[in-house]
file my_file-v2.cif (mmCIF, C-alpha atoms and all ligand atoms)
data_target
loop_
_atom_site.label_atom_id
_atom_site.label_comp_id
_atom_site.auth_asym_id
_atom_site.auth_seq_id
_atom_site.Cartn_x
_atom_site.Cartn_y
_atom_site.Cartn_z
CA MET A 1089 13.18 -13.14 30.93
CA GLU A 1090 11.72 -11.03 28.14
CA THR A 1091 9.15 -8.55 29.40
CA ILE A 1092 6.42 -6.89 27.40
CA LYS A 1093 5.37 -3.40 28.49
CA LEU A 1094 1.65 -2.68 28.17
CA LEU A 1095 -0.60 0.35 28.20
CA ILE A 1096 -4.34 -0.13 28.80
CA ALA A 1097 -6.57 2.49 27.16
CA ASP A 1098 -10.24 2.28 28.14
CA ASP A 1099 -12.55 4.93 29.54
CA ASN A 1100 -14.09 2.48 31.98
CA GLU A 1101 -12.03 2.10 35.13
CA ASP A 1102 -13.52 -1.31 35.97
CA THR A 1103 -12.57 -2.63 32.53
CA ARG A 1104 -9.01 -1.38 32.95
CA GLU A 1105 -8.82 -3.03 36.35
CA ASN A 1106 -10.22 -6.26 34.95
CA ILE A 1107 -7.69 -6.35 32.11
CA ARG A 1108 -4.85 -5.54 34.51
CA ARG A 1109 -5.92 -8.50 36.67
CA MET A 1110 -6.04 -10.88 33.69
CA LEU A 1111 -2.59 -9.77 32.54
CA SER A 1112 -1.13 -10.32 36.01
CA PHE A 1113 -1.36 -14.09 35.41
CA ASP A 1114 1.68 -13.87 33.14
CA GLU A 1115 4.85 -12.49 34.64
CA GLU A 1116 6.27 -11.44 31.26
CA LEU A 1117 3.51 -8.86 30.93
CA ILE A 1118 4.05 -5.57 32.76
CA VAL A 1119 1.38 -2.87 32.73
CA VAL A 1120 3.28 0.43 32.59
CA GLY A 1121 0.30 2.74 32.37
CA GLU A 1122 -3.39 3.37 31.82
CA ALA A 1123 -5.26 5.91 29.72
CA ALA A 1124 -8.92 6.93 29.83
CA ASN A 1125 -9.15 8.44 26.34
CA GLY A 1126 -7.38 8.51 22.98
CA THR A 1127 -5.39 11.68 23.64
CA GLU A 1128 -4.01 10.26 26.86
CA ALA A 1129 -3.19 6.97 25.11
CA TYR A 1130 -1.33 8.85 22.38
CA GLU A 1131 0.63 10.95 24.88
CA LYS A 1132 1.49 7.97 27.08
CA SER A 1133 2.52 5.89 24.08
CA LYS A 1134 5.25 8.49 23.55
CA SER A 1135 6.29 8.99 27.16
CA LEU A 1136 6.04 5.37 28.37
CA GLN A 1137 7.03 3.62 25.10
CA PRO A 1138 4.90 0.51 25.71
CA ASN A 1139 5.39 -2.49 23.43
CA VAL A 1140 1.65 -3.16 23.17
CA ILE A 1141 -1.38 -0.94 23.72
CA LEU A 1142 -4.78 -2.45 24.45
CA MET A 1143 -7.12 0.12 22.94
CA ASP A 1144 -10.84 0.49 23.44
CA ILE A 1145 -12.66 2.03 20.46
CA ASN A 1146 -15.36 4.21 21.98
CA MET A 1147 -13.73 6.72 24.27
CA PRO A 1148 -14.49 10.41 24.85
CA GLY A 1149 -12.46 12.98 22.90
CA MET A 1150 -10.05 11.31 20.52
CA ASP A 1151 -11.45 7.80 20.05
CA GLY A 1152 -9.44 4.59 19.87
CA LEU A 1153 -9.36 4.52 16.06
CA ALA A 1154 -7.92 8.01 15.70
CA ALA A 1155 -5.43 7.29 18.48
CA THR A 1156 -4.39 4.03 16.81
CA GLN A 1157 -3.78 5.80 13.55
CA LYS A 1158 -1.61 8.47 15.18
CA ILE A 1159 0.32 6.03 17.31
CA THR A 1160 1.06 3.51 14.58
CA ALA A 1161 2.17 6.33 12.29
CA GLU A 1162 4.39 8.07 14.84
CA VAL A 1163 5.53 5.68 17.55
CA SER A 1164 7.87 3.01 16.35
CA GLY A 1165 7.96 -0.38 18.07
CA CYS A 1166 4.47 -0.03 19.52
CA SER A 1167 1.69 -2.42 18.47
CA VAL A 1168 -1.96 -1.68 19.04
CA VAL A 1169 -4.53 -4.37 19.83
CA VAL A 1170 -8.03 -2.97 19.53
CA ILE A 1171 -10.72 -4.07 21.94
CA SER A 1172 -14.34 -3.77 20.98
CA VAL A 1173 -17.74 -5.06 21.88
CA GLN A 1174 -19.63 -7.37 19.59
CA GLY A 1175 -21.46 -5.72 16.69
CA GLU A 1176 -18.64 -3.29 15.90
CA GLN A 1177 -17.39 -5.28 12.92
CA GLU A 1178 -17.21 -2.21 10.72
CA TYR A 1179 -15.03 -0.49 13.34
CA LEU A 1180 -12.75 -3.50 13.50
CA ARG A 1181 -12.12 -3.30 9.79
CA LYS A 1182 -11.32 0.39 10.19
CA ALA A 1183 -9.09 -0.42 13.14
CA MET A 1184 -6.99 -2.76 11.05
CA ILE A 1185 -6.76 -0.13 8.33
CA SER A 1186 -5.67 2.40 10.99
CA GLY A 1187 -2.70 0.18 11.69
CA ALA A 1188 -3.87 -2.03 14.57
CA ARG A 1189 -2.05 -5.36 14.73
CA ASP A 1190 -4.97 -7.37 16.03
CA TYR A 1191 -8.29 -7.10 17.81
CA LEU A 1192 -10.17 -8.75 20.62
CA VAL A 1193 -13.94 -8.85 20.94
CA LYS A 1194 -15.34 -8.53 24.45
CA PRO A 1195 -15.88 -10.69 26.42
CA PHE A 1196 -12.54 -12.51 26.13
CA ASN A 1197 -10.71 -14.78 28.52
CA ASN A 1198 -7.17 -14.67 29.99
CA ASP A 1199 -5.72 -16.97 27.36
CA ASP A 1200 -7.17 -15.01 24.44
CA LEU A 1201 -5.84 -11.78 25.89
CA ILE A 1202 -2.37 -13.04 26.74
CA ASN A 1203 -1.88 -14.87 23.43
CA THR A 1204 -3.04 -11.90 21.39
CA VAL A 1205 -0.72 -9.53 23.26
CA LYS A 1206 2.29 -11.82 22.86
CA ASN A 1207 1.55 -12.39 19.22
CA ALA A 1208 1.23 -8.66 18.50
CA TYR A 1209 4.53 -8.05 20.30
CA GLN A 1210 6.36 -10.78 18.37
CA MET A 1211 5.02 -9.55 15.04
CA GLU A 1212 6.28 -6.02 15.67
CA LYS A 1213 9.62 -7.34 16.91
CA LYS A 1214 10.04 -9.41 13.75
CA ARG A 1215 9.11 -6.44 11.60
CA LEU A 1216 11.71 -4.24 13.31
CA GLN A 1217 14.41 -6.89 13.09
CA GLY A 1218 13.60 -7.52 9.42
CA GLY A 1219 13.93 -3.80 8.74
CA GLU A 1220 17.27 -3.55 10.56
CA LYS A 1221 18.77 -6.57 8.87
CA ASP A 1222 18.35 -5.10 5.42
CA GLN A 1223 19.53 -1.59 6.39
CA PRO A 1224 19.67 0.94 4.92
CA GLN A 1225 16.23 0.44 3.33
CA LYS A 1226 15.59 3.91 2.07
CA GLY A 1227 13.28 3.21 -0.85
CA GLU A 1228 9.58 2.66 -1.09
CA VAL A 1229 8.07 -0.01 -3.30
CA ILE A 1230 4.85 1.00 -5.08
CA THR A 1231 3.07 -1.71 -7.04
CA VAL A 1232 0.50 -0.85 -9.68
CA PHE A 1233 -1.94 -3.70 -9.75
CA GLY A 1234 -5.27 -4.85 -11.16
CA THR A 1235 -6.56 -8.21 -12.26
CA LYS A 1236 -8.28 -6.93 -15.39
CA GLY A 1237 -6.33 -6.48 -18.60
CA GLY A 1238 -6.11 -3.12 -20.28
CA VAL A 1239 -7.35 -0.96 -17.40
CA GLY A 1240 -4.32 1.33 -17.57
CA LYS A 1241 -1.80 -0.18 -15.14
CA THR A 1242 1.20 0.39 -17.39
CA THR A 1243 0.03 3.85 -18.40
CA ILE A 1244 -0.21 4.83 -14.73
CA ALA A 1245 3.01 3.10 -13.65
CA VAL A 1246 5.10 4.75 -16.40
CA ASN A 1247 3.72 8.27 -16.02
CA LEU A 1248 3.86 8.10 -12.23
CA ALA A 1249 7.50 6.99 -12.35
CA VAL A 1250 8.36 9.90 -14.67
CA LEU A 1251 6.66 12.42 -12.38
CA LEU A 1252 8.42 11.07 -9.30
CA ALA A 1253 11.75 11.31 -11.13
CA LYS A 1254 10.89 14.88 -12.13
CA SER A 1255 10.48 15.75 -8.48
CA LYS A 1256 14.15 14.84 -8.02
CA GLN A 1257 13.58 11.38 -6.67
CA LYS A 1258 15.70 8.40 -7.71
CA VAL A 1259 13.25 6.09 -9.41
CA VAL A 1260 13.40 2.58 -10.85
CA LEU A 1261 10.56 1.16 -12.88
CA ILE A 1262 10.39 -2.64 -12.97
CA ASP A 1263 8.23 -4.49 -15.45
CA LEU A 1264 6.98 -7.64 -13.74
CA ASP A 1265 4.58 -8.44 -16.57
CA PHE A 1266 7.00 -11.12 -17.75
CA GLN A 1267 4.85 -12.42 -20.59
CA PHE A 1268 3.53 -9.30 -22.26
CA GLY A 1269 5.29 -6.46 -20.50
CA ASP A 1270 5.34 -3.26 -22.52
CA VAL A 1271 6.95 -0.66 -20.26
CA ALA A 1272 9.90 -0.48 -22.70
CA ILE A 1273 7.54 0.36 -25.57
CA PHE A 1274 5.87 3.08 -23.50
CA LEU A 1275 9.35 4.62 -23.10
CA ASN A 1276 10.42 3.95 -26.68
CA VAL A 1277 13.30 1.70 -25.69
CA TYR A 1278 14.23 -1.57 -27.37
CA PRO A 1279 16.41 -3.31 -24.83
CA LYS A 1280 18.80 -6.13 -25.57
CA ARG A 1281 19.21 -7.06 -21.95
CA THR A 1282 16.22 -7.51 -19.67
CA ILE A 1283 15.33 -9.06 -16.34
CA SER A 1284 15.60 -12.56 -17.88
CA GLU A 1285 19.26 -12.03 -18.88
CA LEU A 1286 19.87 -10.56 -15.42
CA ALA A 1287 18.38 -13.70 -13.87
CA GLN A 1288 20.91 -15.79 -15.83
CA GLU A 1289 23.66 -14.14 -13.81
CA GLY A 1290 22.67 -16.32 -10.84
CA ASN A 1291 22.01 -15.13 -7.34
CA GLU A 1292 24.87 -12.68 -6.81
CA LEU A 1293 22.70 -9.72 -7.62
CA ASP A 1294 24.59 -6.79 -6.13
CA ILE A 1295 23.92 -3.16 -6.93
CA ASP A 1296 26.75 -2.85 -9.48
CA LEU A 1297 25.42 -5.75 -11.48
CA LEU A 1298 21.86 -4.46 -11.20
CA GLU A 1299 22.90 -0.96 -12.29
CA SER A 1300 24.47 -2.40 -15.41
CA TYR A 1301 21.06 -3.81 -16.39
CA LEU A 1302 19.02 -0.70 -15.64
CA ILE A 1303 18.19 1.35 -18.72
CA PRO A 1304 18.23 5.10 -18.17
CA HIS A 1305 15.45 7.16 -19.70
CA LYS A 1306 15.84 10.87 -20.33
CA SER A 1307 13.19 11.59 -17.65
CA GLY A 1308 15.63 10.28 -15.05
CA VAL A 1309 13.72 7.03 -14.55
CA LYS A 1310 15.78 3.86 -14.77
CA MET A 1311 14.00 0.85 -16.13
CA LEU A 1312 14.33 -2.90 -15.75
CA PRO A 1313 12.37 -4.28 -18.72
CA ALA A 1314 10.37 -7.49 -19.00
CA PRO A 1315 11.85 -10.42 -20.98
CA GLY A 1316 12.08 -10.06 -24.74
CA ARG A 1317 10.04 -13.22 -25.27
CA PRO A 1318 7.23 -14.66 -23.09
CA GLU A 1319 8.95 -18.06 -22.71
CA TYR A 1320 12.01 -16.44 -21.08
CA ALA A 1321 9.80 -15.68 -18.08
CA GLU A 1322 10.53 -19.20 -16.83
CA LEU A 1323 14.19 -18.32 -16.34
CA ILE A 1324 13.39 -15.92 -13.50
CA THR A 1325 12.86 -17.17 -9.97
CA ILE A 1326 10.79 -15.51 -7.27
CA GLU A 1327 13.87 -15.36 -5.03
CA GLN A 1328 15.70 -13.37 -7.68
CA VAL A 1329 12.86 -10.90 -8.04
CA GLU A 1330 12.75 -10.43 -4.28
CA LYS A 1331 16.49 -9.92 -4.16
CA ILE A 1332 16.38 -7.36 -7.00
CA ILE A 1333 13.68 -5.33 -5.24
CA LYS A 1334 15.43 -5.50 -1.86
CA VAL A 1335 18.81 -4.42 -3.25
CA LEU A 1336 17.28 -1.56 -5.26
CA LYS A 1337 15.42 -0.39 -2.16
CA ASN A 1338 18.76 0.49 -0.61
CA TYR A 1339 19.73 2.85 -3.43
CA TYR A 1340 16.55 4.30 -4.87
CA ASP A 1341 13.73 6.41 -3.42
CA TYR A 1342 10.96 4.70 -5.36
CA ILE A 1343 10.69 1.31 -6.98
CA ILE A 1344 7.59 1.40 -9.16
CA ILE A 1345 6.38 -2.01 -10.24
CA ASP A 1346 4.10 -2.72 -13.17
CA THR A 1347 2.32 -6.07 -13.02
CA PRO A 1348 0.41 -8.49 -15.27
CA PRO A 1349 -3.38 -8.62 -14.95
CA HIS A 1350 -3.50 -11.57 -12.56
CA PHE A 1351 -2.17 -12.83 -9.25
CA ASN A 1352 0.97 -14.93 -9.53
CA GLU A 1353 3.74 -15.80 -7.12
CA THR A 1354 6.08 -13.10 -8.41
CA ASN A 1355 3.68 -10.25 -8.02
CA LEU A 1356 2.55 -11.61 -4.66
CA SER A 1357 6.14 -11.13 -3.47
CA ALA A 1358 6.12 -7.63 -4.95
CA LEU A 1359 2.87 -6.85 -3.13
CA ASP A 1360 4.39 -8.17 0.05
CA LEU A 1361 7.44 -5.89 -0.32
CA SER A 1362 5.33 -2.87 -1.26
CA SER A 1363 4.25 -0.14 1.07
CA GLN A 1364 1.59 1.15 -1.31
CA ILE A 1365 -0.52 -0.80 -3.80
CA LEU A 1366 -2.31 1.20 -6.48
CA VAL A 1367 -5.29 -0.88 -7.58
CA VAL A 1368 -6.46 0.34 -10.97
CA LEU A 1369 -10.17 0.36 -11.71
CA ALA A 1370 -12.15 1.15 -14.85
CA MET A 1371 -15.83 2.02 -15.04
CA ASP A 1372 -17.35 -1.17 -16.34
CA LEU A 1373 -19.19 -3.82 -14.40
CA ALA A 1374 -16.74 -6.62 -15.25
CA THR A 1375 -13.79 -4.62 -13.90
CA ILE A 1376 -15.72 -3.49 -10.84
CA LYS A 1377 -16.58 -7.11 -10.02
CA ASN A 1378 -12.97 -8.06 -10.60
CA VAL A 1379 -11.62 -5.34 -8.33
CA LYS A 1380 -14.01 -6.37 -5.58
CA LEU A 1381 -12.72 -9.95 -5.80
CA SER A 1382 -9.10 -8.76 -5.90
CA LEU A 1383 -9.57 -6.65 -2.78
CA GLY A 1384 -11.00 -9.72 -1.09
CA ILE A 1385 -7.89 -11.68 -2.02
CA LEU A 1386 -5.63 -8.83 -0.88
CA GLU A 1387 -7.51 -8.88 2.41
CA SER A 1388 -6.88 -12.57 2.91
CA LEU A 1389 -3.20 -11.93 2.15
CA HIS A 1390 -3.16 -9.13 4.75
CA GLN A 1391 -2.26 -6.65 2.01
CA LYS A 1392 -5.54 -4.76 1.69
CA GLY A 1393 -4.46 -2.06 4.13
CA LYS A 1394 -1.83 -0.91 1.59
CA ALA A 1395 -4.35 -0.52 -1.24
CA LYS A 1396 -5.32 2.78 -2.84
CA LEU A 1397 -7.98 2.66 -5.52
CA VAL A 1398 -7.27 4.60 -8.72
CA LEU A 1399 -10.15 5.06 -11.14
CA ASN A 1400 -8.79 5.30 -14.68
CA ARG A 1401 -10.70 6.66 -17.66
CA ALA A 1402 -13.17 8.29 -15.32
CA SER A 1403 -15.99 9.82 -17.30
CA GLU A 1404 -19.41 11.25 -16.59
CA ASP A 1405 -21.20 9.32 -19.32
CA MET A 1406 -20.37 5.71 -18.55
CA GLY A 1407 -23.76 4.81 -17.09
CA ILE A 1408 -22.03 4.09 -13.77
CA THR A 1409 -20.88 6.81 -11.39
CA SER A 1410 -17.76 6.64 -9.26
CA LYS A 1411 -20.06 6.62 -6.24
CA ASP A 1412 -21.84 3.52 -7.61
CA ALA A 1413 -18.46 1.86 -8.03
CA GLU A 1414 -17.39 2.75 -4.49
CA GLU A 1415 -20.63 1.44 -3.07
CA THR A 1416 -20.39 -1.83 -4.98
CA ILE A 1417 -16.76 -2.41 -4.13
CA GLU A 1418 -17.18 -1.05 -0.58
CA PHE A 1419 -13.93 0.81 -0.99
CA LEU A 1420 -13.39 4.51 -1.58
CA ILE A 1421 -11.54 5.83 -4.62
CA ALA A 1422 -8.31 7.68 -3.82
CA ALA A 1423 -7.69 9.30 -7.21
CA GLN A 1424 -9.36 9.60 -10.61
CA VAL A 1425 -7.67 9.84 -13.99
CA PRO A 1426 -9.85 11.10 -16.85
CA SER A 1427 -10.21 9.42 -20.21
CA GLU A 1428 -8.23 11.40 -22.75
CA GLY A 1429 -7.53 9.15 -25.72
CA LYS A 1430 -6.33 12.06 -27.89
CA ILE A 1431 -3.41 12.59 -25.52
CA VAL A 1432 -2.81 9.14 -24.07
CA VAL A 1433 -2.78 7.01 -27.22
CA PRO A 1434 -0.44 9.20 -29.36
CA ALA A 1435 1.89 9.46 -26.36
CA LEU A 1436 2.05 5.67 -26.26
CA ASN A 1437 2.57 5.40 -30.01
CA GLU A 1438 5.39 7.93 -29.91
CA GLY A 1439 6.93 6.43 -26.80
CA ILE A 1440 6.85 9.72 -24.90
CA PRO A 1441 5.00 9.64 -21.57
CA PHE A 1442 2.15 12.17 -21.74
CA VAL A 1443 3.20 13.87 -18.49
CA LEU A 1444 6.27 14.99 -20.49
CA SER A 1445 4.67 15.70 -23.87
CA ASN A 1446 1.48 17.28 -22.48
CA PRO A 1447 2.17 18.30 -18.90
CA THR A 1448 -0.89 20.55 -18.62
CA ALA A 1449 -3.44 18.10 -20.08
CA LYS A 1450 -6.18 17.00 -17.67
CA VAL A 1451 -4.85 13.47 -17.65
CA SER A 1452 -1.35 14.73 -16.74
CA LEU A 1453 -2.69 16.92 -13.93
CA ALA A 1454 -4.55 13.88 -12.58
CA LEU A 1455 -1.30 11.90 -12.61
CA GLN A 1456 0.37 14.83 -10.84
CA ASN A 1457 -2.28 14.60 -8.15
CA LEU A 1458 -1.71 10.84 -7.89
CA SER A 1459 2.05 11.36 -7.54
CA GLU A 1460 1.42 13.75 -4.65
CA ILE A 1461 -0.83 11.18 -2.99
CA VAL A 1462 1.97 8.63 -3.36
CA ILE A 1463 4.69 10.98 -2.06
CA LYS A 1464 2.60 12.04 0.93
CA ASP A 1465 1.40 8.47 1.34
CA ARG A 1466 -2.23 9.59 1.59
CA GLY A 1467 -5.35 8.14 0.01
CA TYR A 1468 -5.89 5.19 2.30
CA GLN A 1469 -9.41 4.29 3.33
CA ASN A 1470 -9.07 5.97 6.71
CA ASP A 1471 -7.90 9.25 5.11
CA LEU A 1472 -10.86 9.09 2.77
CA TYR A 1473 -13.36 8.25 5.49
CA GLU A 1474 -12.01 11.24 7.38
CA ARG A 1475 -12.47 13.44 4.33
CA LYS A 1476 -15.98 12.12 3.85
CA SER A 1477 -16.99 12.67 7.44
CA THR A 1478 -15.53 16.19 7.57
CA ASN A 1479 -17.47 17.07 4.44
CA PHE A 1480 -20.57 15.63 6.01
CA PHE A 1481 -20.16 17.62 9.21
CA ARG A 1482 -19.32 20.75 7.27
CA ARG A 1483 -22.52 20.37 5.32
CA LEU A 1484 -24.46 19.72 8.49
CA PHE A 1485 -23.30 22.86 10.25
CA LYS A 1486 -23.20 25.23 7.29
N1 LIG B 1501 -6.83 7.64 -19.08
C1 LIG B 1501 -6.81 7.10 -20.29
N2 LIG B 1501 -7.42 7.71 -21.34
C2 LIG B 1501 -7.40 7.14 -22.56
N3 LIG B 1501 -6.80 6.01 -22.88
C3 LIG B 1501 -6.15 5.34 -21.89
C4 LIG B 1501 -6.12 5.84 -20.55
N4 LIG B 1501 -5.43 4.99 -19.80
C5 LIG B 1501 -5.03 3.98 -20.61
N5 LIG B 1501 -5.45 4.18 -21.87
C6 LIG B 1501 -5.21 3.31 -23.03
O1 LIG B 1501 -5.68 2.02 -22.73
C7 LIG B 1501 -4.84 1.03 -23.28
C8 LIG B 1501 -4.42 0.06 -22.18
O2 LIG B 1501 -3.63 0.72 -21.23
P1 LIG B 1501 -2.45 -0.02 -20.47
O3 LIG B 1501 -1.60 -0.77 -21.41
O4 LIG B 1501 -1.83 0.99 -19.59
O5 LIG B 1501 -3.31 -1.04 -19.60
P2 LIG B 1501 -2.77 -2.25 -18.70
O6 LIG B 1501 -3.70 -2.33 -17.55
O7 LIG B 1501 -1.36 -2.09 -18.42
O8 LIG B 1501 -3.01 -3.47 -19.69
P3 LIG B 1501 -2.43 -4.99 -19.52
O9 LIG B 1501 -3.31 -5.63 -18.52
O10 LIG B 1501 -2.60 -5.55 -20.89
O11 LIG B 1501 -1.03 -4.86 -19.07
C9 LIG B 1501 -3.68 1.75 -23.91
O12 LIG B 1501 -3.91 1.87 -25.28
C10 LIG B 1501 -3.72 3.13 -23.28
O13 LIG B 1501 -3.20 4.12 -24.14
MG MG B 1502 0.30 -3.43 -18.76
#

call {"tool": "encode", "arguments": {"input": "my_file-v2.cif", "output": "structure tokens"}}
result
Amino acid sequence: METIKLLIADDNEDTRENIRRMLSFDEELIVVGEAANGTEAYEKSKSLQPNVILMDINMPGMDGLAATQKITAEVSGCSVVVISVQGEQEYLRKAMISGARDYLVKPFNNDDLINTVKNAYQMEKKRLQGGEKDQPQKGEVITVFGTKGGVGKTTIAVNLAVLLAKSKQKVVLIDLDFQFGDVAIFLNVYPKRTISELAQEGNELDIDLLESYLIPHKSGVKMLPAPGRPEYAELITIEQVEKIIKVLKNYYDYIIIDTPPHFNETNLSALDLSSQILVVLAMDLATIKNVKLSLGILESLHQKGKAKLVLNRASEDMGITSKDAEETIEFLIAAQVPSEGKIVVPALNEGIPFVLSNPTAKVSLALQNLSEIVIKDRGYQNDLYERKSTNFFRRLFK
């Protein structure tokens, strides 16, 4: 019989007792410990290695959200199910962003509790098995996304890839904008062989074959360009794209993916395989509306937790402030890239990424900052909320 080890974290002893009693109805569920606050939950998650933690939100000291974030970041194989009382919807959203697998709203019954626990356990088990099967999966997939044309996705993807390669990382840049992809132009390369010719090779896409299609750029980045003609896009299957990304993940540190300005099945697979999604925003109402809708779609696809919002062409005199944009979208901006046409456009026309031709320009320094966010994997909503609240408290106690 498979057993699932549980830790119950709640500051109320009666609640813990009640949950323990409900769980006792299923013999697969074994309660291995209890915690009365977030710190205790975090420590016991390490010492007792439970499979699932039932985590209350409001607890003294480290609360359930902070504990969830630490545990999901540090303790492998441990899923957190957050428990809250009604009216804490905003917390629940934050809980999911902190890495919780699921949540239960009090009051709940035995069946709800047991099913949620088993489901959270199975999901984590599947995730671990999936990871092991494709070992070694050393690389990270970063998709640059946005459903509005011309916001700067390619500009950001190319310059980010170059900076990551400069920091001695092995980087591949894939152009998934099959119809109008222009990554090759940004790098001043005119490829004969692209992803559509690669797709013609069938399904035996091993690393040697893939390497022979990757085009090296002097920055160190290797590139897999988009098809030479829009109609060749039809030759490429989603399975092939998935296979390409998965194989490259075993050999490269970063796979940076540039995408077309819409959702399609290919970039949905890329989003699914990504650990970070950079959603590019510009300061006009149409784009802001678009980004809000896109984040809604990402949420329904369970991908929103990976999103980091990048404001491109940030400028003081746009009639809209970044704060207005954040409030409208209900999502905080992780990084801003200034508008610097005098640097960005000639760089594109010459086919030299501006982080190479003008490394000290404001726009290059902003990209440098973004690359650090990506390397450190910061800039998620919970990091930014933290930053906001610390600033707030600092101001309060100054
Ligand atoms: N920060 C910036 N400052 C000035 N110009 C910029 C900036 N970012 C991008 N641009 C310019 O905006 C134009 C569109 O950029 P880019 O091609 O990167 O957008 P995109 O989102 O990839 O577009 P598409 O949706 O068509 O793929 C380019 O001419 C580029 O040089
Ligand atoms: Mg583009």

call {"tool": "residues_near_ligand", "arguments": {"input": "my_file-v2.cif", "ligand": "ligand LIG 1501 (chain B)", "cutoff": "7 Å", "atoms": "all atoms listed in the file", "output": "list in words"}}
result
Lys1236, Gly1237, Gly1238, Val1239, Gly1240, Lys1241, Thr1242, Thr1243, Ile1244, Gly1269, Pro1348, Pro1349, Asn1400, Arg1401, Val1425, Pro1426, Ser1427, Glu1428, Gly1429, Val1432, Val1433, Leu1436 and Val1451 of chain A

call {"tool": "closest_residue", "arguments": {"input": "my_file-v2.cif", "among": "A:Lys1394, A:His1350, A:Arg1104, A:Lys1464", "to": "ligand MG 1502 (chain B)", "atoms": "all atoms listed in the file"}}
result
A:His1350

call {"tool": "closest_residue", "arguments": {"input": "my_file-v2.cif", "among": "A:Cys1166, A:Ile1295, A:Leu1216, A:Ile1324", "to": "Phe1266 in chain A", "atoms": "all atoms listed in the file"}}
result
A:Ile1324

call {"tool": "residues_near_point", "arguments": {"input": "my_file-v2.cif", "point": "(-2.8, 0.1, -5.7)", "cutoff": "6 Å", "atoms": "only C-alpha atoms", "output": "VMD selection string"}}
result
chain A and resid 1232 to 1233 1365 to 1367 1395 to 1397

call {"tool": "closest_residue", "arguments": {"input": "my_file-v2.cif", "among": "A:Thr1409, A:Glu1162, A:Ile1421, A:Val1443", "to": "Gly1467 in chain A", "atoms": "all atoms listed in the file"}}
result
A:Ile1421

call {"tool": "closest_residue", "arguments": {"input": "my_file-v2.cif", "among": "A:Ile1385, A:Ile1440, A:Val1329, A:Val1271", "to": "ligand MG 1502 (chain B)", "atoms": "all atoms listed in the file"}}
result
A:Val1271

call {"tool": "atom_distance", "arguments": {"input": "my_file-v2.cif", "atom1": "CA of Pro1148 in chain A", "atom2": "CA of Arg1181 in chain A"}}
result
20.5 Å

call {"tool": "residues_around", "arguments": {"input": "my_file-v2.cif", "residues": "Leu1472 in chain A", "least_positions_apart": "5", "cutoff": "12 Å", "atoms": "only C-alpha atoms", "output": "list in words"}}
result
Lys1182, Ile1185, Ser1186, Lys1396, Leu1397, Glu1414, Phe1419, Leu1420, Ile1421, Ala1422, Ala1423, Ile1461, Arg1466, Gly1467, Ser1477, Thr1478 and Asn1479 of chain A

call {"tool": "closest_residue", "arguments": {"input": "my_file-v2.cif", "among": "A:Leu1111, A:Val1163, A:Leu1359, A:Ala1129", "to": "Asn1203 in chain A", "atoms": "all atoms listed in the file"}}
result
A:Leu1111

call {"tool": "atom_distance", "arguments": {"input": "my_file-v2.cif", "atom1": "CA of Lys1158 in chain A", "atom2": "CA of Asp1190 in chain A"}}
result
16.2 Å

call {"tool": "closest_residue", "arguments": {"input": "my_file-v2.cif", "among": "A:Ile1463, A:Ile1273, A:Ala1413, A:Val1169", "to": "ligand MG 1502 (chain B)", "atoms": "all atoms listed in the file"}}
result
A:Ile1273

call {"tool": "atom_distance", "arguments": {"input": "my_file-v2.cif", "atom1": "CA of Glu1322 in chain A", "atom2": "CA of Leu1386 in chain A"}}
result
25.0 Å

call {"tool": "decode", "arguments": {"input": "my_file-v2.cif", "residues": "range 1192-1200 of chain A", "atoms": "N, CA and C atoms", "output": "PDB file, in the first residue's frame"}}
result
ATOM      1  N   LEU A1192      -7.634  24.710   0.126  1.00  0.00           N
ATOM      2  CA  LEU A1192      -8.934  24.299   0.638  1.00  0.00           C
ATOM      3  C   LEU A1192      -9.494  25.461   1.436  1.00  0.00           C
ATOM      4  N   VAL A1193     -10.783  25.746   1.249  1.00  0.00           N
ATOM      5  CA  VAL A1193     -11.386  26.828   2.016  1.00  0.00           C
ATOM      6  C   VAL A1193     -12.216  26.208   3.142  1.00  0.00           C
ATOM      7  N   LYS A1194     -11.956  26.689   4.365  1.00  0.00           N
ATOM      8  CA  LYS A1194     -12.697  26.172   5.517  1.00  0.00           C
ATOM      9  C   LYS A1194     -14.134  26.680   5.471  1.00  0.00           C
ATOM     10  N   PRO A1195     -15.164  25.963   5.877  1.00  0.00           N
ATOM     11  CA  PRO A1195     -15.071  24.570   6.319  1.00  0.00           C
ATOM     12  C   PRO A1195     -15.053  23.611   5.124  1.00  0.00           C
ATOM     13  N   PHE A1196     -14.352  22.493   5.267  1.00  0.00           N
ATOM     14  CA  PHE A1196     -14.352  21.479   4.206  1.00  0.00           C
ATOM     15  C   PHE A1196     -14.678  20.132   4.838  1.00  0.00           C
ATOM     16  N   ASN A1197     -15.085  19.176   4.005  1.00  0.00           N
ATOM     17  CA  ASN A1197     -15.442  17.889   4.575  1.00  0.00           C
ATOM     18  C   ASN A1197     -14.328  16.862   4.339  1.00  0.00           C
ATOM     19  N   ASN A1198     -14.495  15.665   4.891  1.00  0.00           N
ATOM     20  CA  ASN A1198     -13.474  14.603   4.766  1.00  0.00           C
ATOM     21  C   ASN A1198     -13.071  14.357   3.333  1.00  0.00           C
ATOM     22  N   ASP A1199     -14.095  14.225   2.467  1.00  0.00           N
ATOM     23  CA  ASP A1199     -13.814  13.877   1.069  1.00  0.00           C
ATOM     24  C   ASP A1199     -12.985  14.951   0.387  1.00  0.00           C
ATOM     25  N   ASP A1200     -13.390  16.219   0.617  1.00  0.00           N
ATOM     26  CA  ASP A1200     -12.630  17.326  -0.001  1.00  0.00           C
ATOM     27  C   ASP A1200     -11.179  17.248   0.432  1.00  0.00           C
TER      28      ASP A1200
END
